[in-house]
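Peer 1: One structure coming up, written as structure tokens, with questions to follow.
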Number of protein chains: 2
Amino acid sequence: MNPLKLAPATREHARSLDSGDPLRDFRDRFLLDDDVIYLDGNSLGALPRTTVERMREVVSEQWGNRLIRGWDEGWLELPLTVGDRLGSLLGAGAGELVIADSTTVCFYKLARAALDLRPGRRQIVTDLDNFPTDRYVLEGIAQAGDAHIDWLRCDRTLGPRVEDVAAVIGANTALVTFSHVSYRSGFMAAMAAISRLAHEAGALTLWDLSHSAGSVPVALHEDGADLAVGCTYKYLSGGPGAPAYMYADRRLLAELRQPIWGWLGRRDPFAMGPGYLPADGIRRLLSGSPPVLALTAVDEGIKLVAEAGMERIHAKAMALTDFAIALVDARLAQLHFSIASPRNRLRRGAHVAVAHGEAEALCAELIARGVIVDFRGPDVIRLGLSPLTTRFVDVWDAVEALRALVD
Amino acid sequence: MNPLKLAPATREHARSLDSGDPLRDFRDRFLLDDDVIYLDGNSLGALPRTTVERMREVVSEQWGNRLIRGWDEGWLELPLTVGDRLGSLLGAGAGELVIADSTTVCFYKLARAALDLRPGRRQIVTDLDNFPTDRYVLEGIAQAGDAHIDWLRCDRTLGPRVEDVAAVIGANTALVTFSHVSYRSGFMAAMAAISRLAHEAGALTLWDLSHSAGSVPVALHEDGADLAVGCTYKYLSGGPGAPAYMYADRRLLAELRQPIWGWLGRRDPFAMGPGYLPADGIRRLLSGSPPVLALTAVDEGIKLVAEAGMERIHAKAMALTDFAIALVDARLAQLHFSIASPRNRLRRGAHVAVAHGEAEALCAELIARGVIVDFRGPDVIRLGLSPLTTRFVDVWDAVEALRALVD
């Protein structure tokens with residue numbers, strides 16, 4: 001399991017791991033500056049080379065030449081067609097996933113929708129270390145008088161545990177919501193077990209897949225997820241501020257209502273008729289006009305992930321994070337660095353949290369030296385090891401750069 | 001006033017009006033197919049040539065090369081910097097306008113915010129012919145139990161009149177909201193008079209500028225608007241599904257709360273700390289990550305409008321719509337076409353509604369012949385005369401195409 005136990009800890013060893021990597025050729029499918037070691041693809045995925053041409057085409061040929069006719073020639077369907085392409089990577093069926101809005105707006109819509117599906121129940125369960133925007137949205141909903149939140153306090157390296165959830169949910173629980181992979185520690189929550197628990201209590205689950213989609217297996221149907229949202233600009237390489245997505249189990253769709261009643265979520269929108277009637281199917285989650293340019297970039301990123309395949313991507317995510325953990329243990333532990341991510345590779349996303357008392361300053365120094373990582377308070381350096389763009393040698397070089405800084 | 005009274009109604013006359021048009025050179029700043037007569041810039045503005053290069057740059061150079069560093073190098077400020085550029089065209093001060101989300105989501109946020117600013121008051125006033133998404137959003141808010149709507153029934157050619165508003169508002173009115181320019185008739189509502197009435201009753205106003213921004217003068221401050229939203233893909237040429245904007249009078253900002261509490265609307269978002277605290281100023285209207293690629297296209301469209309100048313744009317909008325109305329009167333009235341837009345040029349946006357019993361079929365035929373207009377039920381052909389891209393000769397040719405179809 002530990003690559004350093006199997007081979008000498010040298011840069012050559014890292015290079016040999018790269019040579020044996022079945023995904024090694026994918027790196028060239030992205031535009032990446034060789035002077036930079038980019039370990040932040042978990043925050044903003046790199047630019048796929050084909051996206052450059054797709055963007056030129058949607059701007060100059062579609063918008064420029066087809067003008068308003070573009071809406072009838074595919075644009076209106078993009079949220080659903082790109083959604084289906086992504087859904088098939090996440091264990092969703094056709095017509096269960098749609099791309100729209102920002103993750104925050106999507107999360108708001110589905111959290112409110114879940115509460116409306118469980119009238120009379122007022123409890124929301126989440127964890128104190130959930131991603132900020134999810135926490136804030138829930139606070140806003142609670143403050144509006146619709147619910148109260150029970151905040152789980154989790155181990156900082158791990159995340160919400162099944163037994164912690166079991167201890168708080170009950171007949172008043174409307175919604176159980178967590179990040180599938182934690183933004184800080186990389187902990188992967190037990191989607192199937194938590195969903196089962198929630199359902200036994202009569203509650204719904206809402207998963208934030210932002211840090212898992214495109215890096216680890218997600219099996220929405222199989223694991224019993226009711227609702228999910230996520231962002232497309234991390235492992236899915238959709239571009240800065242790319243639109244997000246919403247998933248809803250098809251068994252919920254007929255009853256599902258979201259609070260932002262816009263024309264594109266209405267049945268027969270271009271009739272522009274009186275009175276809102278939700279559209280059939282997943283389209284009812286839409287509100288405003290689809291962001292065509294941005295959706296085109298998202299589509300291209302998703303295609304690359306689909307081509308590489310989630311099984312190979314996950315295998316590489318585990319190998320890269322194993323390698324990073326082994327290197328930190330072997331070469332940085334004596335310099336007061338420690339691992340703040342799960343050591344169980346099956347409970348881990350594709351990034352590794354490395355804790356150090358001077359993490360913030362060290363991050364700034366690393367970035368100044370072209371090793372792009374990010375800081376998450378109070379003391380975490382995140383090494384994002386996006387499987388399609390990260391080499392084992394990048395991990396080696398980043399660890400050595402940290403060693404050189406502190407030594 | 002009537003160009004047909006001043007000169008013979010010939011194609012040559014239209015060409016002479018084009019020769020005298022001070023904005024005539026702006027058409028070449030857009031990519032436009034000469035085989036098409038594009039009279040739908042009120043629905044999707046044409047592609048500015050410089051946008052092609054700006055999009056290439058933001059994709060390949062910013063996203064591709066700067067990667068995550070782009071957020072610190074200007075991306076996070078884009079909603080405000082582009083917002084200020086647009087605000088200065090709409091009579092807003094710096095820090096009063098921000099670009100984000102879709103028009104629908106923006107409208108939802110500000111309608112909810114207005115109700116929260118007027119606790120105890122439950123009446124919303126709007127008109128039955130308001131743009132569908134605005135009507136649906138209000139219905140959703142009302143159905144959630146927060147308000148009830150009083151729907152004004154307006155003359156189909158005109159829109160909400162001051163006296164109609166005066167007749168229904170009172171001590172229970174929280175929000176008065178209309179489109180500034182009506183999407184169907186092109187009627188321009190009396191923003192100053194209606195805002196004054198609303199204020200006298202203690203209510204707030206929320207204006208949808210989608211069909212006015214970039215085509216007619218908008219004086220948000222001067223006319224006493226409290227809140228406004230609008231879309232950027234029409235006269236502002238921001239591209240298909242481009243993000244929208246929210247305006248709030250700075251006197252309201254300290255008290256203003258919107259319902260979707262996201263990380264980018266929080267004070268010090270990257271602290272990722274516990275508890276939501278609204279950011280200072282207009283930033284509190286944000287929720288999720290700014291759509292960087294789409295915002296870049298919006299910025300370029302706004303720059304072109306700013307360069308042309310709202311005064312010249314409005315003068316041309318009036319001249320084009322006058323010309324279209326005169327041609328319809330002179331050459332189509334005997335074929336059962338009639339004008340369904342205001343005849344007063346000062347109460348009119350930049351499109352003309354032409355009513356005919358066979359409007360829907362005629363629109364399809366026109367489009368098949370390369371004259372791109374749009375249909376709005378039950379019987380309206382909209383001629384969108386976007387001032388920067390429409391020539392007088394286009395109006396002439398479109399009217400003649402209609403004549404040929406019916407004759």
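Chain identifiers are assigned as A, B, and so on, following the order in which chains appear in the structure tokens; residues are numbered from 1 within each chain, and ligands are numbered from 1 in order of appearance.
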All in-order C-alpha pairs, least squares, chain B moved onto chain A. Output the fitted coordinates as a short mmCIF file (atom, residue, chain, number, x, y, z; two decimals) with C-alpha atoms, in the first residue's frame, please.

Peer 2:
```cif
data_model
loop_
_atom_site.label_atom_id
_atom_site.label_comp_id
_atom_site.auth_asym_id
_atom_site.auth_seq_id
_atom_site.Cartn_x
_atom_site.Cartn_y
_atom_site.Cartn_z
CA MET B 1 0.03 0.03 0.16
CA ASN B 2 2.80 2.48 0.98
CA PRO B 3 4.72 3.26 -2.23
CA LEU B 4 7.72 4.24 -0.12
CA LYS B 5 7.88 0.79 1.34
CA LEU B 6 7.98 -0.72 -2.11
CA ALA B 7 10.61 1.48 -3.62
CA PRO B 8 13.25 4.00 -2.59
CA ALA B 9 11.91 7.48 -1.93
CA THR B 10 13.49 9.31 -4.80
CA ARG B 11 12.37 11.58 -7.59
CA GLU B 12 13.18 8.70 -9.94
CA HIS B 13 10.66 6.58 -8.14
CA ALA B 14 8.02 9.28 -8.69
CA ARG B 15 8.92 9.33 -12.37
CA SER B 16 8.56 5.60 -12.61
CA LEU B 17 5.09 5.85 -11.09
CA ASP B 18 4.24 8.41 -13.80
CA SER B 19 5.52 6.06 -16.49
CA GLY B 20 3.21 3.35 -15.27
CA ASP B 21 0.19 5.66 -15.01
CA PRO B 22 -2.54 4.59 -17.47
CA LEU B 23 -3.87 8.19 -17.45
CA ARG B 24 -0.49 9.81 -18.09
CA ASP B 25 -1.43 11.06 -21.56
CA PHE B 26 -4.42 13.04 -20.28
CA ARG B 27 -2.20 15.76 -18.88
CA ASP B 28 -1.41 16.86 -22.43
CA ARG B 29 -5.09 17.31 -23.09
CA PHE B 30 -4.94 20.36 -20.84
CA LEU B 31 -3.15 23.64 -21.31
CA LEU B 32 -0.64 23.66 -18.46
CA ASP B 33 2.42 25.80 -17.91
CA ASP B 34 5.42 23.51 -17.25
CA ASP B 35 6.97 26.13 -14.97
CA VAL B 36 4.15 25.66 -12.51
CA ILE B 37 3.31 22.73 -10.26
CA TYR B 38 -0.45 22.98 -10.13
CA LEU B 39 -1.91 21.32 -7.05
CA ASP B 40 -5.14 23.29 -6.98
CA GLY B 41 -7.25 21.48 -9.56
CA ASN B 42 -9.58 20.67 -6.67
CA SER B 43 -10.36 24.36 -6.54
CA LEU B 44 -10.18 25.36 -10.22
CA GLY B 45 -9.64 22.62 -12.77
CA ALA B 46 -7.17 23.29 -15.58
CA LEU B 47 -8.27 24.30 -19.08
CA PRO B 48 -8.91 21.39 -21.49
CA ARG B 49 -7.31 22.19 -24.83
CA THR B 50 -10.50 21.31 -26.72
CA THR B 51 -12.43 23.85 -24.65
CA VAL B 52 -10.56 26.64 -26.42
CA GLU B 53 -11.99 25.55 -29.76
CA ARG B 54 -15.46 24.79 -28.36
CA MET B 55 -15.62 28.29 -26.87
CA ARG B 56 -14.54 29.87 -30.14
CA GLU B 57 -17.24 27.92 -31.90
CA VAL B 58 -20.06 28.77 -29.50
CA VAL B 59 -19.12 32.44 -29.54
CA SER B 60 -18.31 33.05 -33.19
CA GLU B 61 -20.38 30.45 -34.97
CA GLN B 62 -23.36 29.87 -32.72
CA TRP B 63 -23.93 33.26 -31.10
CA GLY B 64 -22.36 35.21 -33.96
CA ASN B 65 -24.06 33.45 -36.85
CA ARG B 66 -27.16 31.75 -35.56
CA LEU B 67 -28.12 34.53 -33.17
CA ILE B 68 -31.56 34.06 -31.62
CA ARG B 69 -32.08 30.88 -33.65
CA GLY B 70 -29.52 29.18 -31.40
CA TRP B 71 -32.17 28.78 -28.72
CA ASP B 72 -34.17 26.45 -30.95
CA GLU B 73 -31.03 24.73 -32.20
CA GLY B 74 -29.94 23.17 -28.94
CA TRP B 75 -29.27 25.91 -26.39
CA LEU B 76 -32.53 25.40 -24.54
CA GLU B 77 -31.72 21.71 -24.12
CA LEU B 78 -28.15 22.23 -22.87
CA PRO B 79 -29.02 22.14 -19.15
CA LEU B 80 -30.55 18.71 -19.68
CA THR B 81 -28.20 17.23 -22.27
CA VAL B 82 -25.05 18.27 -20.44
CA GLY B 83 -26.82 17.31 -17.24
CA ASP B 84 -27.44 13.79 -18.51
CA ARG B 85 -23.83 13.46 -19.57
CA LEU B 86 -22.74 14.39 -16.05
CA GLY B 87 -25.49 12.33 -14.45
CA SER B 88 -24.21 9.18 -16.10
CA LEU B 89 -20.87 9.75 -14.31
CA LEU B 90 -22.56 10.16 -10.95
CA GLY B 91 -24.91 7.20 -10.97
CA ALA B 92 -27.98 9.22 -11.96
CA GLY B 93 -30.49 8.19 -14.57
CA ALA B 94 -31.41 10.26 -17.63
CA GLY B 95 -33.56 13.22 -16.68
CA GLU B 96 -32.41 13.34 -13.07
CA LEU B 97 -29.71 15.98 -13.27
CA VAL B 98 -29.74 19.50 -14.66
CA ILE B 99 -27.05 22.19 -14.94
CA ALA B 100 -27.97 25.69 -13.77
CA ASP B 101 -27.21 28.60 -11.48
CA SER B 102 -24.39 28.55 -8.92
CA THR B 103 -23.87 25.80 -6.35
CA THR B 104 -25.19 28.19 -3.71
CA VAL B 105 -28.43 28.88 -5.56
CA CYS B 106 -28.86 25.19 -6.40
CA PHE B 107 -28.32 24.26 -2.77
CA TYR B 108 -30.86 26.85 -1.64
CA LYS B 109 -33.45 25.58 -4.11
CA LEU B 110 -33.08 21.95 -3.10
CA ALA B 111 -32.83 22.56 0.65
CA ARG B 112 -36.06 24.56 0.47
CA ALA B 113 -37.61 21.91 -1.77
CA ALA B 114 -36.72 19.20 0.75
CA LEU B 115 -38.36 21.10 3.61
CA ASP B 116 -41.49 21.55 1.50
CA LEU B 117 -41.56 17.79 0.89
CA ARG B 118 -41.53 17.15 4.63
CA PRO B 119 -44.14 19.55 5.99
CA GLY B 120 -44.37 19.65 9.77
CA ARG B 121 -40.77 18.52 10.21
CA ARG B 122 -38.37 21.30 11.10
CA GLN B 123 -34.97 19.79 11.81
CA ILE B 124 -32.01 20.09 9.45
CA VAL B 125 -28.89 18.05 10.24
CA THR B 126 -25.47 19.03 8.95
CA ASP B 127 -21.93 19.39 10.30
CA LEU B 128 -20.06 22.41 11.60
CA ASP B 129 -17.25 21.78 9.16
CA ASN B 130 -19.47 21.63 6.08
CA PHE B 131 -18.49 23.94 3.24
CA PRO B 132 -19.23 27.57 4.19
CA THR B 133 -21.79 28.33 1.50
CA ASP B 134 -23.86 25.28 2.51
CA ARG B 135 -23.78 26.34 6.15
CA TYR B 136 -24.74 29.92 5.34
CA VAL B 137 -27.61 28.92 3.06
CA LEU B 138 -29.03 26.69 5.79
CA GLU B 139 -28.70 29.49 8.35
CA GLY B 140 -30.62 31.80 6.03
CA ILE B 141 -33.39 29.24 5.61
CA ALA B 142 -33.53 28.61 9.35
CA GLN B 143 -33.58 32.33 10.11
CA ALA B 144 -36.50 32.78 7.73
CA GLY B 145 -38.42 30.65 10.20
CA ASP B 146 -38.70 27.45 8.26
CA ALA B 147 -36.38 25.19 10.22
CA HIS B 148 -33.69 24.80 12.85
CA ILE B 149 -30.28 23.28 12.35
CA ASP B 150 -28.56 20.63 14.43
CA TRP B 151 -24.86 21.00 13.84
CA LEU B 152 -22.72 17.88 14.20
CA ARG B 153 -19.26 18.45 15.56
CA CYS B 154 -16.89 16.11 13.73
CA ASP B 155 -13.33 14.97 14.10
CA ARG B 156 -11.28 17.45 12.08
CA THR B 157 -9.60 14.73 10.04
CA LEU B 158 -12.69 12.70 9.54
CA GLY B 159 -16.16 14.01 8.84
CA PRO B 160 -19.73 13.20 9.73
CA ARG B 161 -19.91 9.62 11.05
CA VAL B 162 -22.93 7.40 10.73
CA GLU B 163 -23.28 7.03 14.49
CA ASP B 164 -23.23 10.81 14.98
CA VAL B 165 -26.06 11.15 12.51
CA ALA B 166 -27.99 8.31 14.12
CA ALA B 167 -27.75 10.05 17.47
CA VAL B 168 -29.54 13.22 16.36
CA ILE B 169 -32.12 12.33 13.74
CA GLY B 170 -35.70 11.44 14.44
CA ALA B 171 -39.32 12.08 13.69
CA ASN B 172 -38.75 15.82 13.34
CA THR B 173 -35.90 15.54 10.82
CA ALA B 174 -36.71 16.94 7.39
CA LEU B 175 -33.26 17.10 5.84
CA VAL B 176 -29.86 15.52 6.36
CA THR B 177 -27.20 17.27 4.31
CA PHE B 178 -23.44 16.87 4.05
CA SER B 179 -20.63 17.34 1.63
CA HIS B 180 -19.85 13.97 0.11
CA VAL B 181 -16.15 14.81 0.27
CA SER B 182 -15.14 17.41 2.83
CA TYR B 183 -13.48 20.51 1.38
CA ARG B 184 -10.82 20.63 4.10
CA SER B 185 -9.92 17.11 5.16
CA GLY B 186 -10.98 15.29 2.04
CA PHE B 187 -13.02 12.84 4.15
CA MET B 188 -15.62 10.95 2.14
CA ALA B 189 -18.92 10.53 3.97
CA ALA B 190 -20.79 7.22 3.94
CA MET B 191 -23.53 8.20 1.51
CA ALA B 192 -25.34 4.85 1.50
CA ALA B 193 -25.41 4.34 5.26
CA ILE B 194 -26.40 7.92 6.04
CA SER B 195 -29.10 7.92 3.37
CA ARG B 196 -30.50 4.69 4.77
CA LEU B 197 -30.61 6.15 8.28
CA ALA B 198 -32.29 9.30 7.03
CA HIS B 199 -34.91 7.30 5.17
CA GLU B 200 -35.63 5.16 8.20
CA ALA B 201 -36.41 8.40 10.03
CA GLY B 202 -38.55 9.62 7.12
CA ALA B 203 -36.08 12.38 6.20
CA LEU B 204 -34.48 13.33 2.91
CA THR B 205 -30.78 13.62 2.07
CA LEU B 206 -29.09 16.40 0.09
CA TRP B 207 -25.45 15.83 -0.87
CA ASP B 208 -22.94 18.43 -1.98
CA LEU B 209 -20.74 16.68 -4.55
CA SER B 210 -18.49 19.65 -5.29
CA HIS B 211 -15.34 17.93 -4.02
CA SER B 212 -16.20 14.43 -5.19
CA ALA B 213 -17.66 14.63 -8.72
CA GLY B 214 -14.91 13.75 -11.16
CA SER B 215 -12.50 12.47 -8.53
CA VAL B 216 -14.14 9.59 -6.66
CA PRO B 217 -17.01 7.22 -7.45
CA VAL B 218 -20.45 8.67 -6.84
CA ALA B 219 -23.44 6.32 -7.01
CA LEU B 220 -26.42 8.56 -6.38
CA HIS B 221 -29.13 6.02 -7.10
CA GLU B 222 -27.41 3.01 -5.67
CA ASP B 223 -26.53 4.83 -2.47
CA GLY B 224 -30.03 6.19 -2.04
CA ALA B 225 -29.31 9.90 -2.38
CA ASP B 226 -32.53 11.91 -2.69
CA LEU B 227 -31.08 15.22 -3.80
CA ALA B 228 -27.63 16.50 -4.69
CA VAL B 229 -25.84 19.59 -5.94
CA GLY B 230 -22.29 20.29 -6.96
CA CYS B 231 -19.95 22.60 -8.76
CA THR B 232 -18.37 21.97 -12.13
CA TYR B 233 -15.24 24.09 -11.93
CA LYS B 234 -13.13 21.74 -9.83
CA TYR B 235 -12.45 18.19 -11.05
CA LEU B 236 -14.88 18.69 -13.94
CA SER B 237 -12.81 21.54 -15.43
CA GLY B 238 -15.81 23.69 -16.37
CA GLY B 239 -14.00 27.00 -15.95
CA PRO B 240 -13.97 29.77 -13.34
CA GLY B 241 -17.42 30.32 -11.83
CA ALA B 242 -18.96 27.68 -14.11
CA PRO B 243 -22.63 26.82 -13.50
CA ALA B 244 -23.58 24.15 -11.01
CA TYR B 245 -26.01 21.22 -11.05
CA MET B 246 -28.96 19.73 -9.25
CA TYR B 247 -29.90 16.08 -8.97
CA ALA B 248 -33.26 14.78 -7.84
CA ASP B 249 -34.26 11.14 -7.58
CA ARG B 250 -36.93 10.65 -10.22
CA ARG B 251 -39.33 9.25 -7.63
CA LEU B 252 -39.42 12.70 -6.03
CA LEU B 253 -39.81 14.73 -9.19
CA ALA B 254 -43.58 14.76 -9.47
CA GLU B 255 -43.93 16.26 -5.98
CA LEU B 256 -40.81 18.41 -6.01
CA ARG B 257 -41.22 22.21 -5.95
CA GLN B 258 -38.42 24.73 -5.73
CA PRO B 259 -38.91 28.30 -4.53
CA ILE B 260 -37.67 30.34 -7.52
CA TRP B 261 -40.48 30.09 -10.04
CA GLY B 262 -38.98 31.29 -13.31
CA TRP B 263 -40.14 31.09 -16.87
CA LEU B 264 -37.76 28.29 -17.88
CA GLY B 265 -39.03 26.07 -15.07
CA ARG B 266 -42.60 26.51 -16.23
CA ARG B 267 -44.53 24.16 -18.45
CA ASP B 268 -44.57 25.55 -22.02
CA PRO B 269 -42.47 28.61 -21.16
CA PHE B 270 -42.77 30.39 -24.49
CA ALA B 271 -46.53 30.48 -24.28
CA MET B 272 -45.75 33.10 -21.62
CA GLY B 273 -49.16 32.37 -20.23
CA PRO B 274 -50.74 33.32 -16.96
CA GLY B 275 -49.98 31.33 -13.83
CA TYR B 276 -46.98 29.20 -12.98
CA LEU B 277 -47.22 25.48 -13.56
CA PRO B 278 -44.05 23.50 -12.93
CA ALA B 279 -42.63 21.83 -16.02
CA ASP B 280 -42.58 18.06 -16.12
CA GLY B 281 -39.47 16.36 -14.88
CA ILE B 282 -36.16 17.86 -13.88
CA ARG B 283 -36.80 21.00 -15.93
CA ARG B 284 -38.92 22.31 -13.05
CA LEU B 285 -35.70 22.98 -11.16
CA LEU B 286 -34.72 25.66 -13.69
CA SER B 287 -35.49 29.32 -13.19
CA GLY B 288 -33.80 31.69 -15.68
CA SER B 289 -32.11 31.40 -19.07
CA PRO B 290 -29.37 28.78 -19.42
CA PRO B 291 -25.84 30.24 -19.47
CA VAL B 292 -24.96 29.02 -22.95
CA LEU B 293 -21.30 30.02 -23.17
CA ALA B 294 -20.46 28.68 -19.73
CA LEU B 295 -22.46 25.48 -20.31
CA THR B 296 -20.41 24.78 -23.40
CA ALA B 297 -17.20 24.87 -21.39
CA VAL B 298 -18.75 22.62 -18.76
CA ASP B 299 -19.74 20.11 -21.41
CA GLU B 300 -16.18 19.83 -22.67
CA GLY B 301 -14.75 19.29 -19.20
CA ILE B 302 -17.27 16.56 -18.46
CA LYS B 303 -16.45 14.83 -21.75
CA LEU B 304 -12.81 14.53 -20.78
CA VAL B 305 -13.69 13.01 -17.41
CA ALA B 306 -16.04 10.58 -19.12
CA GLU B 307 -13.35 9.59 -21.59
CA ALA B 308 -10.83 8.90 -18.82
CA GLY B 309 -13.42 6.92 -16.86
CA MET B 310 -14.28 7.21 -13.19
CA GLU B 311 -12.68 3.90 -12.29
CA ARG B 312 -9.25 4.87 -13.59
CA ILE B 313 -9.60 8.36 -12.16
CA HIS B 314 -10.39 7.03 -8.71
CA ALA B 315 -7.54 4.53 -8.84
CA LYS B 316 -5.14 7.33 -9.64
CA ALA B 317 -6.65 9.59 -6.96
CA MET B 318 -5.96 6.89 -4.38
CA ALA B 319 -2.44 6.28 -5.64
CA LEU B 320 -1.57 10.00 -5.70
CA THR B 321 -2.96 10.65 -2.24
CA ASP B 322 -1.29 7.50 -0.85
CA PHE B 323 1.98 8.71 -2.32
CA ALA B 324 1.55 12.21 -0.88
CA ILE B 325 0.74 10.86 2.58
CA ALA B 326 3.71 8.51 2.50
CA LEU B 327 6.04 11.34 1.49
CA VAL B 328 4.74 13.66 4.18
CA ASP B 329 5.17 10.92 6.77
CA ALA B 330 8.66 10.07 5.62
CA ARG B 331 10.06 13.47 4.76
CA LEU B 332 8.04 16.17 6.52
CA ALA B 333 6.79 14.67 9.79
CA GLN B 334 10.01 15.55 11.60
CA LEU B 335 9.51 19.16 10.48
CA HIS B 336 6.18 19.42 12.34
CA PHE B 337 3.94 18.64 9.40
CA SER B 338 1.14 16.14 9.92
CA ILE B 339 -1.56 14.54 7.85
CA ALA B 340 -5.08 15.92 8.47
CA SER B 341 -6.81 13.69 5.92
CA PRO B 342 -8.16 10.16 6.35
CA ARG B 343 -5.50 7.49 6.08
CA ASN B 344 -8.06 5.06 4.71
CA ARG B 345 -7.86 5.56 0.94
CA LEU B 346 -11.47 4.44 0.56
CA ARG B 347 -12.70 7.28 2.76
CA ARG B 348 -10.72 9.97 0.96
CA GLY B 349 -11.19 12.30 -1.99
CA ALA B 350 -8.39 13.46 -4.27
CA HIS B 351 -6.77 16.03 -2.03
CA VAL B 352 -4.60 15.76 1.06
CA ALA B 353 -4.65 18.17 3.97
CA VAL B 354 -1.22 18.77 5.48
CA ALA B 355 -1.30 20.58 8.81
CA HIS B 356 1.47 22.89 10.02
CA GLY B 357 1.54 25.82 12.44
CA GLU B 358 2.84 28.14 9.73
CA ALA B 359 0.55 26.82 6.99
CA GLU B 360 -0.67 30.19 5.79
CA ALA B 361 2.79 31.70 5.34
CA LEU B 362 4.11 28.48 3.79
CA CYS B 363 1.31 28.47 1.23
CA ALA B 364 2.18 32.00 0.18
CA GLU B 365 5.85 31.05 -0.17
CA LEU B 366 5.04 27.94 -2.16
CA ILE B 367 2.82 29.86 -4.54
CA ALA B 368 5.53 32.49 -5.01
CA ARG B 369 7.83 29.62 -6.06
CA GLY B 370 5.33 28.30 -8.59
CA VAL B 371 3.90 25.47 -6.48
CA ILE B 372 0.21 26.31 -6.49
CA VAL B 373 -1.57 24.92 -3.43
CA ASP B 374 -4.12 26.52 -1.17
CA PHE B 375 -4.54 27.39 2.46
CA ARG B 376 -7.55 26.44 4.54
CA GLY B 377 -7.70 27.81 8.04
CA PRO B 378 -6.55 27.47 10.64
CA ASP B 379 -3.49 25.43 9.68
CA VAL B 380 -4.03 23.37 6.54
CA ILE B 381 -2.09 23.30 3.29
CA ARG B 382 -4.27 21.53 0.74
CA LEU B 383 -2.50 19.47 -1.90
CA GLY B 384 -5.10 19.01 -4.63
CA LEU B 385 -4.11 16.01 -6.72
CA SER B 386 -6.53 16.21 -9.62
CA PRO B 387 -6.02 12.84 -11.29
CA LEU B 388 -6.08 14.01 -14.92
CA THR B 389 -3.48 16.75 -14.51
CA THR B 390 -1.25 15.75 -11.58
CA ARG B 391 1.91 13.70 -11.91
CA PHE B 392 3.56 11.76 -9.11
CA VAL B 393 6.65 13.86 -9.74
CA ASP B 394 4.59 16.98 -8.99
CA VAL B 395 3.80 15.54 -5.58
CA TRP B 396 7.45 14.78 -5.00
CA ASP B 397 8.51 18.27 -6.05
CA ALA B 398 5.87 19.96 -3.89
CA VAL B 399 6.91 18.01 -0.82
CA GLU B 400 10.56 18.81 -1.48
CA ALA B 401 9.69 22.49 -1.93
CA LEU B 402 8.00 22.45 1.47
CA ARG B 403 11.01 20.74 3.00
CA ALA B 404 13.35 23.30 1.51
CA LEU B 405 11.20 26.15 2.83
CA VAL B 406 11.17 24.90 6.39
CA ASP B 407 14.62 23.36 6.60
#
```

Peer 1: Please run DSSP on the backbone and report, as a count of residues only, all residues within stretch 221-366 of chain A that come out as helix (DSSP H, G or I).

Peer 2: 69

Peer 1: Enumerate, as a PyMOL selection string, the complete set of residues in stretch 107-311 of chain B that a backbone-based DSSP assignment places in strand (DSSP E).

Peer 2: chain B and resi 123-127+148-152+173-179+204-208+227-230+244-248
